[in-house]
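Trainee: The structure follows.
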Amino acid sequence: MIRRGVTMRARRLLCALGVLALAPSMLRAQAAPLERRVTLHFRDVALRDALDRLMAVARVRISYSAEQLPLDRSVRASFDTATVATVLTGLLRGVAVLPVSTGGNQIVLTPVRDVRGLVPTPVVVAAAELDRVVVTGTADGGPQRALPVALAVIDGAQAADAGIHDVASALTASVPGVWAWEQSPASLITRYGSIRGASSFGASYPKMYIDGIAVANPLLVTQFDPESVQRIEVIRGPQGAALYGADAISGVLNIVTRHDGVDAGAPRARVRAGAGYAASEYSSTAVLTQDHRVALGLGTGLRTAQLGIGVGSLGAYYSGASSHSVQASAGGRVIGARSVLTGTARFARGAVGAAINPLLVEAATASGRAINPLALRVQPQGLREYTVGTTLKFAPDERWSHTLVAGVDGYALSNVANDFTPFPSSADSALRAASGQADRSTLRVSSVARVGQPERVGATLTLALEHSALRQESPAIKLGRTAMPRGPGVSGARGLLQVMGPPGMPLLVSATDWFSDAGITSQVDLAVRNRWYISGGLRVERNSGYVTEARAHLLPMLGGAWVRDVGGATIKLRSAYGRGIRAPRTAARETLAGGLRAQNIVRDLAPEEQAGIEGGVDLIVGRALTLQVTRFDQRATGLIQQVVIPDNAAATAAAGSGLALQYQNVGAIANRGWEVQATARHRQMSATLAWAFVDSRVRSLAIGYTGDLRPGDRTLGVPARTLSASASWLGARWSGSVGVTRAFDWIEYDRLSLATAYSGFDRAAVPLYGGDLRGYWRAYNGATRLRASATRQMSRGLSLFVTGDNLLDFQRGEPDNATIVPGRTITTGLRISRF
């Protein structure tokens with residue numbers, strides 16, 4: 001009995017202790033939302049993420065209008081058993097909203113009314129330039145204030161309002177130093193004219209990520225859905241290679257998709273339907289264009305999901321040159337008290353009809369030469385892309401954070417035109433035979449430790465491990481007993497070959513190769529009194545994208561910044577050095593390999609490298625003015641070019657041209673210049689400017705180079721100056737924008753003359769290789785492209801819009817005289833939002 005009594009008393013005591021342990025959470029759940037007490041500690045996180053974390057800890061729902069809050073602003077929190085009202089007051093300091101409890105677990109951040117009791121006209125509230133949190137350039141996100149490099153951010157909502165949904169237009173309109181030529185609907189490949197000069201020949205591109213997942217081939221990402229994109233962050237130059245590894249020799253582009261829920265002011269459903277016409281000198285009637293998109297938002301509070309679908313088409317603006325595209329995206333997010341899990345998926349499909357360039361036909365007719373019938377054997381182009389992945393962030397306390405990123409990106413393409421050789425693809429059907437597929441997996445683990453206090457002395461220590469594997473399947477040519485991929489090199493130990501042609505002739509085979517790169521990154525960021533910042537990083541990487549064997553490289557970065565707040569203005573001085581490298585064999589380069597009947601393989605290509613320094617000054621005056629001026633000086637070596645060479649074996653064939661393409665290292669290139677970026681705001685009006693001056697020249701030639709470049713030459717296809725400017729106005733009912741872009745002064749081939757010479761090629765009479773190609777160089781000066789848009793809000797959730805693109809009707813001459821783009825394009829339609 002005594003033992004049983006003791007046992008009963010022990011059980012009662014344990015039950016009482018359990019009730020006492022649960023009492024705080026029970027009381028917190030029963031208290032009014034604003035009176036619940038929480039303990040919250042974090043630093044250098046975006047206001048958007050801080051509100052999400054507060055909802056998870058306090059078990060409340062917070063609703064707000066995204067236009068009323070600077071959601072990208074960096075905030076800190078150090079609260080112990082504080083009320084939700086106290087936490088919100090600290091996080092929203094300086095923001096004209098008031099937390100109001102509306103019953104249950106709901107809190108609404110309502111705009112503060114003026115003395116007349118009226119809600120002010122809606123103005124998009126953005127975080128100050130240096131206070132916003134960015135994910136590019138850091139392992140887990142941090143304020144832009146400490147970055148020693150020039151970072152450009154493209155807002156997805158602003159791109160949607162302007163009717164921009166292709167990568168080329170978004171970059172040229174917003175990022176100085178990065179110029180992508182107007183996307184021709186007859187091509188499925190983005191053509192970059194300059195990323196601070198030349199980082200390759202034809203295959204210049206930034207290393208691209210979608211929510212941290214590496215894209216297999218950045219040249220194939222031509223379209224994006226602005227409704228599903230939160231922002232695009234861009235680093236120019238090799239300074240990002242220490243964190244992002246090989247292939248980032250010219251910069252890094254990270255597309256950050258939306259994961260916000262309907263509580264964050266996003267509508268549950270968005271529908272955009274637009275249709276219009278495009279003018280064309282090569283079509284007897286106006287060409288129909290369509291673009292329709294649907295986006296759905298699901299879930300509230302701590303669990304959200306998004307789904308988006310878009311379709312677009314353009315009629316034949318010259319014979320057969322019609323295009324169709326389908327895009328789909330999905331995402332989800334689950335927020336915990338100390339963790340955030342996000343998922344991303346996308347699918348894109350593009351198709352271009354079988355088209356014959358009318359300019360080539362005109363040029364051949366005028367010269368009296370007949371076009372080789374084999375050159376007119378046109379096949380429709382096709383492309384499929386996908387991305388799927390997840391990101392897990394875990395922050396056990398305010399000092400430590402850990403991030404895991406895992407995903408796969410891939411593509412499959414057929415008959416895609418290769419316009420990166422001296423000869424336009426219309427001149428040779430083999431140049432339209434780029435086919436193959438690739439899948440790239442990404443696995444990255446990083447840990448970040450924050451010590452000290454930035455107001456005094458603080459440091460951020462980063463350690464990251466990354467592994468990426470690429471499976472590349474591409475056509476190859478089998479000559480005799482040796483089968484070689486149509487790329488800059490081959491390693492038989494990694495290749496699997498499958499014959500695809502008839503016996504007794506040069507055969508096409510399917511070559512499957514595996515490449516991998518693994519890297520370990522360490523980085524230290526030091527802050528002193530929130531004024532002095534020093535960043536140093538080193539990446540040790542092993543890459544197998546070489547012809548013979550895998551190689552290891554050291555990729556360093558060192559930079560610093562000084563920031564001073566004076567009244568309502570902030571001035572920042574910054575400078576950074578970096579070094580990047582790109583292996584000879586990449587998915588982008590092997591996509592473009594081939595053409596001109598034969599492909600000679602070079603078995604010992606050096607990697608492309610670029611190293612250099614940038615320095616600049618930033619001036620921020622509240623929200624009224626942001627000015628960024630940058631000087632860069634970079635040296636690139638080993639850049640690879642597809643060089644035209646004589647080919648005796650091809651010349652003896654019945655349809656042989658006597659020409660072949662061969663990958664060769666060019667030598668050393670110097671890229672120098674200035675960049676200017678400015679934004680001015682006044683009430684409902686804003687204006688932006690992006691201006692770049694670039695001098696890209698050949699300094700020396702590699703041993704064995706037989707192409708047409710010489711020391712002192714300007715790099716082909718790189719504009720000396722680029723300019724973009726825009727102005728926008730946002731009112732209660734009306735909004736509108738206007739923008740201009742232009743590239744000035746570049747050297748490129750006269751592709752029409754080359755196509756004409758090639759169609760009636762006589763090797764003895766008309767040499768078309770080596771230094772003889774210099775006679776086909778010509779200067780281009782470009783033209784001004786004008787874009788405008790206007791929107792009328794009819795009611796809450798319903799608006800009408802009209803957009804105009806290429807309003808000055810410029811249809812040819814960029815980047816060469818053989819490229820045709822649609823003329824003046826007018827689109828009108830409506831947007832429907834359901835909240």
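Each chain of the structure tokens is named A, B, ... in the order shown, its residues numbered from 1; ligands are numbered from 1 in display order.
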Need to verify the contact set: Gly616 of chain A, 8 Å, only C-alpha atoms, exclusion of same-chain residues closer than 6 positions in sequence. Can you return it as a PyMOL selection string?
Mentor: chain A and resi 150+573-575+628-631
Trainee: Using only C-alpha atoms, which protein or nucleic acid residues come within 9 Å of segment 79-86 of chain A? Drop anything in the same chain fewer than 5 positions from it, and give the result as a PyMOL selection string.
Mentor: chain A and resi 33-41+54+58+91+99
Trainee: Where does DSSP see helix (DSSP H, G or I) in segment 212-396 of chain A, if you list the residues as JSON, numbers by chain?
Mentor: {"A": [218, 219, 220, 238, 239, 240, 241, 242, 243, 244, 262, 263, 264, 358, 359, 360, 361, 362, 363, 364, 365, 366, 367, 373, 374, 375, 376]}
Trainee: List the spatial neighbours of Leu296 of chain A as a PyMOL selection string - criterion: any atom at most 8 Å away, only C-alpha atoms, same-chain residues fewer than 3 positions off excluded.
Mentor: chain A and resi 267-270+306-308
Trainee: Please identify all polymer residues within 9 Å of segment 340-346 of chain A, counting only C-alpha atoms, omitting same-chain residues fewer than 5 positions from it, and present them as a list in words.
Mentor: Arg53, Ile210, Asp211, Thr257, His259, Gln327, Ala328, Ser329, Ala330, Gly331, Gly332, Arg333, Val334, Ile335, Glu385, Tyr386, Thr387, Val388, Gly389, Thr390, Thr391, Leu392, Lys393, Phe394, Ala395 and Gly407 of chain A
Trainee: Export, as a PDB file, in the first residue's frame, the selected residues with C-alpha atoms.
Mentor:
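Output (selection-v2.pdb):
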ATOM      1  CA  ARG A  53       9.429  33.489 -38.729  1.00  0.00           C
ATOM      2  CA  ILE A 210      17.214  29.209 -60.675  1.00  0.00           C
ATOM      3  CA  ASP A 211      16.655  29.345 -56.912  1.00  0.00           C
ATOM      4  CA  THR A 257      11.121  32.789 -57.865  1.00  0.00           C
ATOM      5  CA  HIS A 259       7.071  31.749 -52.769  1.00  0.00           C
ATOM      6  CA  GLN A 327       6.004  27.596 -69.829  1.00  0.00           C
ATOM      7  CA  ALA A 328       4.917  26.071 -66.552  1.00  0.00           C
ATOM      8  CA  SER A 329       6.237  26.643 -63.055  1.00  0.00           C
ATOM      9  CA  ALA A 330       5.371  25.452 -59.579  1.00  0.00           C
ATOM     10  CA  GLY A 331       6.698  26.155 -56.139  1.00  0.00           C
ATOM     11  CA  GLY A 332       5.946  25.635 -52.494  1.00  0.00           C
ATOM     12  CA  ARG A 333       7.160  26.688 -49.088  1.00  0.00           C
ATOM     13  CA  VAL A 334       6.818  25.387 -45.536  1.00  0.00           C
ATOM     14  CA  ILE A 335       7.941  27.664 -42.714  1.00  0.00           C
ATOM     15  CA  GLU A 385      13.825  22.473 -70.597  1.00  0.00           C
ATOM     16  CA  TYR A 386      13.099  21.560 -67.009  1.00  0.00           C
ATOM     17  CA  THR A 387      14.251  22.391 -63.488  1.00  0.00           C
ATOM     18  CA  VAL A 388      13.295  20.699 -60.225  1.00  0.00           C
ATOM     19  CA  GLY A 389      14.850  21.148 -56.816  1.00  0.00           C
ATOM     20  CA  THR A 390      14.531  22.044 -53.164  1.00  0.00           C
ATOM     21  CA  THR A 391      16.216  24.269 -50.591  1.00  0.00           C
ATOM     22  CA  LEU A 392      16.270  23.720 -46.838  1.00  0.00           C
ATOM     23  CA  LYS A 393      17.412  26.485 -44.501  1.00  0.00           C
ATOM     24  CA  PHE A 394      17.906  25.801 -40.805  1.00  0.00           C
ATOM     25  CA  ALA A 395      18.838  28.463 -38.251  1.00  0.00           C
ATOM     26  CA  GLY A 407      18.180  19.910 -57.761  1.00  0.00           C
TER      27      GLY A 407
END
Trainee: Would you please work out which residue, of A:Arg191, A:Arg338, A:Arg683, A:Arg272, is nearest to Thr172 of chain A when using only C-alpha atoms?
Mentor: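 When distances to Thr172 of chain A are compared using only C-alpha atoms, the smallest one comes from A:Arg191.
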Trainee: When you look at segment 194-207 of chain A with a cut-off of 8 Å (counting only C-alpha atoms), what residues show up, excluding the ones that are within fewer than 3 positions of it in the same chain? I need them as a PyMOL selection string.
Mentor: chain A and resi 177-180+191+214-215+218-219+236-237+247-253+420-421+588-589+608+610+632+636+639-642+669+671-673+694-696+715+717-719
Trainee: Output C-alpha atoms of each residue in that selection to a file, as a PDB file, in the first residue's frame.
Mentor:
ATOM      1  CA  GLY A 177      27.796  46.142 -68.837  1.00  0.00           C
ATOM      2  CA  VAL A 178      25.559  43.227 -69.831  1.00  0.00           C
ATOM      3  CA  TRP A 179      24.163  43.352 -73.342  1.00  0.00           C
ATOM      4  CA  ALA A 180      22.058  40.595 -74.871  1.00  0.00           C
ATOM      5  CA  ARG A 191      23.162  35.831 -77.904  1.00  0.00           C
ATOM      6  CA  ALA A 214      22.652  25.493 -61.625  1.00  0.00           C
ATOM      7  CA  VAL A 215      21.260  25.649 -65.166  1.00  0.00           C
ATOM      8  CA  PRO A 218      22.411  29.257 -69.819  1.00  0.00           C
ATOM      9  CA  LEU A 219      22.230  30.071 -73.553  1.00  0.00           C
ATOM     10  CA  ARG A 236      29.257  41.009 -63.498  1.00  0.00           C
ATOM     11  CA  GLY A 237      32.852  39.881 -63.737  1.00  0.00           C
ATOM     12  CA  ASP A 247      31.939  28.665 -65.622  1.00  0.00           C
ATOM     13  CA  ALA A 248      31.389  31.918 -63.688  1.00  0.00           C
ATOM     14  CA  ILE A 249      34.230  33.742 -65.435  1.00  0.00           C
ATOM     15  CA  SER A 250      31.994  36.546 -66.725  1.00  0.00           C
ATOM     16  CA  GLY A 251      29.394  36.734 -63.974  1.00  0.00           C
ATOM     17  CA  VAL A 252      26.491  35.077 -62.175  1.00  0.00           C
ATOM     18  CA  LEU A 253      22.756  35.421 -62.791  1.00  0.00           C
ATOM     19  CA  PHE A 420      27.984  31.843 -83.714  1.00  0.00           C
ATOM     20  CA  THR A 421      30.223  31.094 -86.710  1.00  0.00           C
ATOM     21  CA  ALA A 588      26.816  25.376 -74.003  1.00  0.00           C
ATOM     22  CA  ARG A 589      29.872  24.943 -76.219  1.00  0.00           C
ATOM     23  CA  GLU A 608      39.238  29.952 -70.652  1.00  0.00           C
ATOM     24  CA  GLN A 610      39.525  35.696 -66.674  1.00  0.00           C
ATOM     25  CA  PHE A 632      36.585  47.429 -64.352  1.00  0.00           C
ATOM     26  CA  ALA A 636      40.957  37.035 -70.285  1.00  0.00           C
ATOM     27  CA  LEU A 639      39.276  32.199 -75.010  1.00  0.00           C
ATOM     28  CA  ILE A 640      38.005  29.602 -77.478  1.00  0.00           C
ATOM     29  CA  GLN A 641      36.782  30.375 -81.005  1.00  0.00           C
ATOM     30  CA  GLN A 642      35.326  28.239 -83.790  1.00  0.00           C
ATOM     31  CA  ILE A 669      41.969  39.667 -74.411  1.00  0.00           C
ATOM     32  CA  ASN A 671      38.388  43.989 -71.187  1.00  0.00           C
ATOM     33  CA  ARG A 672      38.220  47.490 -69.706  1.00  0.00           C
ATOM     34  CA  GLY A 673      35.486  50.023 -69.241  1.00  0.00           C
ATOM     35  CA  VAL A 694      33.647  48.849 -73.015  1.00  0.00           C
ATOM     36  CA  ASP A 695      37.027  48.471 -74.705  1.00  0.00           C
ATOM     37  CA  SER A 696      37.624  44.788 -75.528  1.00  0.00           C
ATOM     38  CA  THR A 715      36.877  41.796 -80.197  1.00  0.00           C
ATOM     39  CA  GLY A 717      30.563  41.499 -81.715  1.00  0.00           C
ATOM     40  CA  VAL A 718      31.249  43.603 -78.581  1.00  0.00           C
ATOM     41  CA  PRO A 719      29.577  47.061 -78.626  1.00  0.00           C
TER      42      PRO A 719
END
Trainee: Calculated over only C-alpha atoms, which of the candidates A:Val451, A:Leu413, A:Val445, A:Ala757 has the smallest distance to Ala527 of chain A?
Mentor: A:Val451
Trainee: Which of segment 45-105 of chain A end up as strand (DSSP E or B) when DSSP is run on this backbone - answer as number ranges by chain?
Mentor: A: 45-46, 61-63, 73-83, 97-101
Trainee: Take the residues that were just selected and, keeping C-alpha atoms, output them as a PDB file, in the first residue's frame.
Mentor:
ATOM      1  CA  VAL A  45      17.385  38.605 -42.671  1.00  0.00           C
ATOM      2  CA  ALA A  46      14.858  40.171 -45.014  1.00  0.00           C
ATOM      3  CA  ARG A  61      -1.366  34.944 -39.372  1.00  0.00           C
ATOM      4  CA  ILE A  62      -0.078  38.316 -40.544  1.00  0.00           C
ATOM      5  CA  SER A  63      -1.659  39.849 -43.638  1.00  0.00           C
ATOM      6  CA  ARG A  73      15.077  45.361 -46.096  1.00  0.00           C
ATOM      7  CA  SER A  74      17.577  43.774 -43.734  1.00  0.00           C
ATOM      8  CA  VAL A  75      16.328  43.572 -40.136  1.00  0.00           C
ATOM      9  CA  ARG A  76      17.516  42.180 -36.819  1.00  0.00           C
ATOM     10  CA  ALA A  77      15.647  40.900 -33.785  1.00  0.00           C
ATOM     11  CA  SER A  78      16.719  40.143 -30.228  1.00  0.00           C
ATOM     12  CA  PHE A  79      13.597  39.672 -28.104  1.00  0.00           C
ATOM     13  CA  ASP A  80      13.080  37.551 -25.009  1.00  0.00           C
ATOM     14  CA  THR A  81       9.449  36.921 -23.952  1.00  0.00           C
ATOM     15  CA  ALA A  82       8.313  40.053 -25.774  1.00  0.00           C
ATOM     16  CA  THR A  83       4.804  40.585 -27.089  1.00  0.00           C
ATOM     17  CA  VAL A  97       1.536  50.649 -41.185  1.00  0.00           C
ATOM     18  CA  LEU A  98      -0.280  49.759 -37.978  1.00  0.00           C
ATOM     19  CA  PRO A  99      -0.746  46.179 -36.643  1.00  0.00           C
ATOM     20  CA  VAL A 100      -4.428  45.505 -35.991  1.00  0.00           C
ATOM     21  CA  SER A 101      -5.902  42.333 -34.503  1.00  0.00           C
TER      22      SER A 101
END
Trainee: How far is it from atom CA of Pro226 of chain A to atom CA of Ala160 of chain A, in Å with one decimal?
Mentor: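 One can read the atom CA of Pro226 of chain A to atom CA of Ala160 of chain A distance as 5.1 Å.
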Trainee: Just give me the gap between atom CA of Ala561 of chain A and atom CA of Leu151 of chain A in Å, one decimal is fine.
Mentor: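 Atom-to-atom, atom CA of Ala561 of chain A and atom CA of Leu151 of chain A are spaced 13.4 Å apart.
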Trainee: Find the distance between atom CA of Arg93 of chain A and atom CA of Asp397 of chain A and write it in Å to one decimal.
Mentor: 23.1 Å
Trainee: Nearest residue to Thr827 of chain A out of A:Arg231, A:Arg531, A:Arg787, A:Arg444, using only C-alpha atoms?
Mentor: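 Counting only C-alpha atoms, the residue closest to Thr827 of chain A is A:Arg787.
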Trainee: Point out the residue among A:Thr512, A:Ser313, A:Thr138, A:Thr626 with the least atom-to-atom distance to Ala438 of chain A, counting only C-alpha atoms.
Mentor: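 Of the candidates, the smallest distance to Ala438 of chain A is held by A:Thr512.
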Trainee: Rank nothing, just name the residue among A:Ser446, A:Ile820, A:Phe810, A:His467 nearest to Gln523 of chain A, using only C-alpha atoms.
Mentor: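 For Gln523 of chain A, the nearest of the given residues is A:Ser446.
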Trainee: Please provide as a PyMOL selection string all residues within 10 Å of Gln793 of chain A, with the sequence filter that same-chain residues fewer than 6 positions apart are discarded (counting only C-alpha atoms).
Mentor: chain A and resi 731-735+799-801+830-831
Trainee: Between A:Gly667, A:Pro396, A:Pro584, A:Gly545, single out the one closest to Asp517 of chain A, counting only C-alpha atoms.
Mentor: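 Going through A:Gly667, A:Pro396, A:Pro584, A:Gly545 one by one, the smallest distance to Asp517 of chain A is for A:Gly545.
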